[in-house]
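Here the structure comes first, spelled out in structure tokens, and everything after it is commentary.
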Amino acid sequence: MSCIAAAPDGSKSYTTALGPNGTVTTQQFLAAFYPDDAQYHNQIANQLQEEGLQSVAHRNWEVTGGDEIDIVLLGFASASGAKDRARLVEESTQRDPTLTTFSGSGMPSGVVALVDRAVDKYGNIGVRAYAAYGQVEMEFNYFRPQSLDAADLTAQIGREVALLNG
């Protein structure tokens, strides 16, 4: 998937459960995001198969000051598969009482972003954002020490959305 944003100059990738940046297998994706419950892991695997998952791409980076971005793009056989996946993860994530919906301006159309209500155990405010564009579902994770920079968040997501809308 060539529509994943390039890391900015001076940034560096960091270690995640997904492994190195680039194309990852469905099993790597499932192990990284659904590691603790085999039954749920299998349920998600079946859903992804039914939705027509064809590929998974991953890229992350950290910049000076500690901001981290982790993008996962899931490619599906049809636009409806991508939309179904986006809706499923949005609805699931919205049930988390530790998150609130991002209400700032400048968020690209179609993106649902959810923000931590408090600083996490690593000292970050995290954001999880989801959207579907054509046959690609975007899962965008943003972490910033101590506080949210709404302008930077919307700019970073906007870069990725522009590539997806190509």
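Chain labels A, B, ... are given in the sequence in which chains occur in the structure tokens; within each chain residues are numbered consecutively from 1, and ligands are likewise numbered from 1 in the order shown.
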
*Using only C-alpha atoms, which residues sit within 9 Å of stretch 95-99 of chain A once same-chain residues fewer than 5 positions away are excluded, as JSON, numbers by chain?*
{"A": [90, 114, 115, 116, 117, 118, 127]}

*Near stretch 1-10 of chain A, within 7 Å and counting only C-alpha atoms, which residues show up once chain neighbours fewer than 2 positions away are dropped, as a list of chain:residue names?*
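After dropping sequence-adjacent residues, the list is A:Lys12, A:Ala57, A:Trp61, A:Val63, A:Arg159, A:Glu160, A:Leu163, A:Leu164.
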
I need the chosen residues saved as a compact mmCIF listing (two decimals), in the first residue's frame, with N, CA and C atoms.
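Result saved to result_16.txt:
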```
# COMPACT_ATOMS: atom_id res chain seq x y z
N LYS A 12 12.15 8.82 13.87
CA LYS A 12 12.64 7.44 13.89
C LYS A 12 11.48 6.50 14.20
N ALA A 57 -0.91 -2.70 6.05
CA ALA A 57 0.35 -1.94 6.02
C ALA A 57 0.46 -1.14 7.30
N TRP A 61 6.27 6.41 13.70
CA TRP A 61 7.45 7.24 13.93
C TRP A 61 7.29 8.03 15.21
N VAL A 63 8.96 11.66 16.94
CA VAL A 63 9.72 12.87 16.65
C VAL A 63 10.29 13.42 17.95
N ARG A 159 -2.67 14.74 6.45
CA ARG A 159 -1.65 14.25 5.50
C ARG A 159 -2.01 12.86 5.01
N GLU A 160 -2.38 11.98 5.95
CA GLU A 160 -2.71 10.60 5.57
C GLU A 160 -3.98 10.56 4.75
N LEU A 163 -3.42 11.46 1.15
CA LEU A 163 -2.84 10.36 0.37
C LEU A 163 -3.91 9.31 0.03
N LEU A 164 -4.78 9.02 0.98
CA LEU A 164 -5.82 8.02 0.73
C LEU A 164 -6.82 8.51 -0.32
```

*Quick one: of A:Tyr122, A:Ser105, A:Val161, A:Arg128, who's nearest to A:Val89, counting only C-alpha atoms?*
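Closest residue, counting only C-alpha atoms: A:Arg128.
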
*Close residues, A:Ala155 itself excluded, 10 Å, only C-alpha atoms, min 6 positions apart in chain, as a ChimeraX atom specification*: /A:106-108,161

_Minimum-distance residue to A:Phe140, chosen among A:Leu18, A:His41, A:Thr23, A:Leu153 (using only C-alpha atoms)_ =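 Smallest separation from A:Phe140 among the options: A:Leu153.
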
*Looking only at alpha helix (DSSP H) from DSSP on the backbone, list the matching residues of chain A as a PyMOL selection string.*
chain A and resi 26-33+38-51+79-94+150-165

*Hey, which of A:Leu53, A:Leu73, A:Val119, A:Ala129 ends up closest to A:Gln94? Count only C-alpha atoms.*
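Looking at the shortest contact to A:Gln94, the residue is A:Ala129.
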
*Grab the atom CA of A:Ala79 to atom CA of A:Gly166 distance for me, in Å with one decimal place.*
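Interatomic distance here is 15.4 Å.
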
*Closest to A:Leu88 among A:Thr16, A:Thr154, A:Gln47, A:Thr25, using only C-alpha atoms?*
A:Gln47
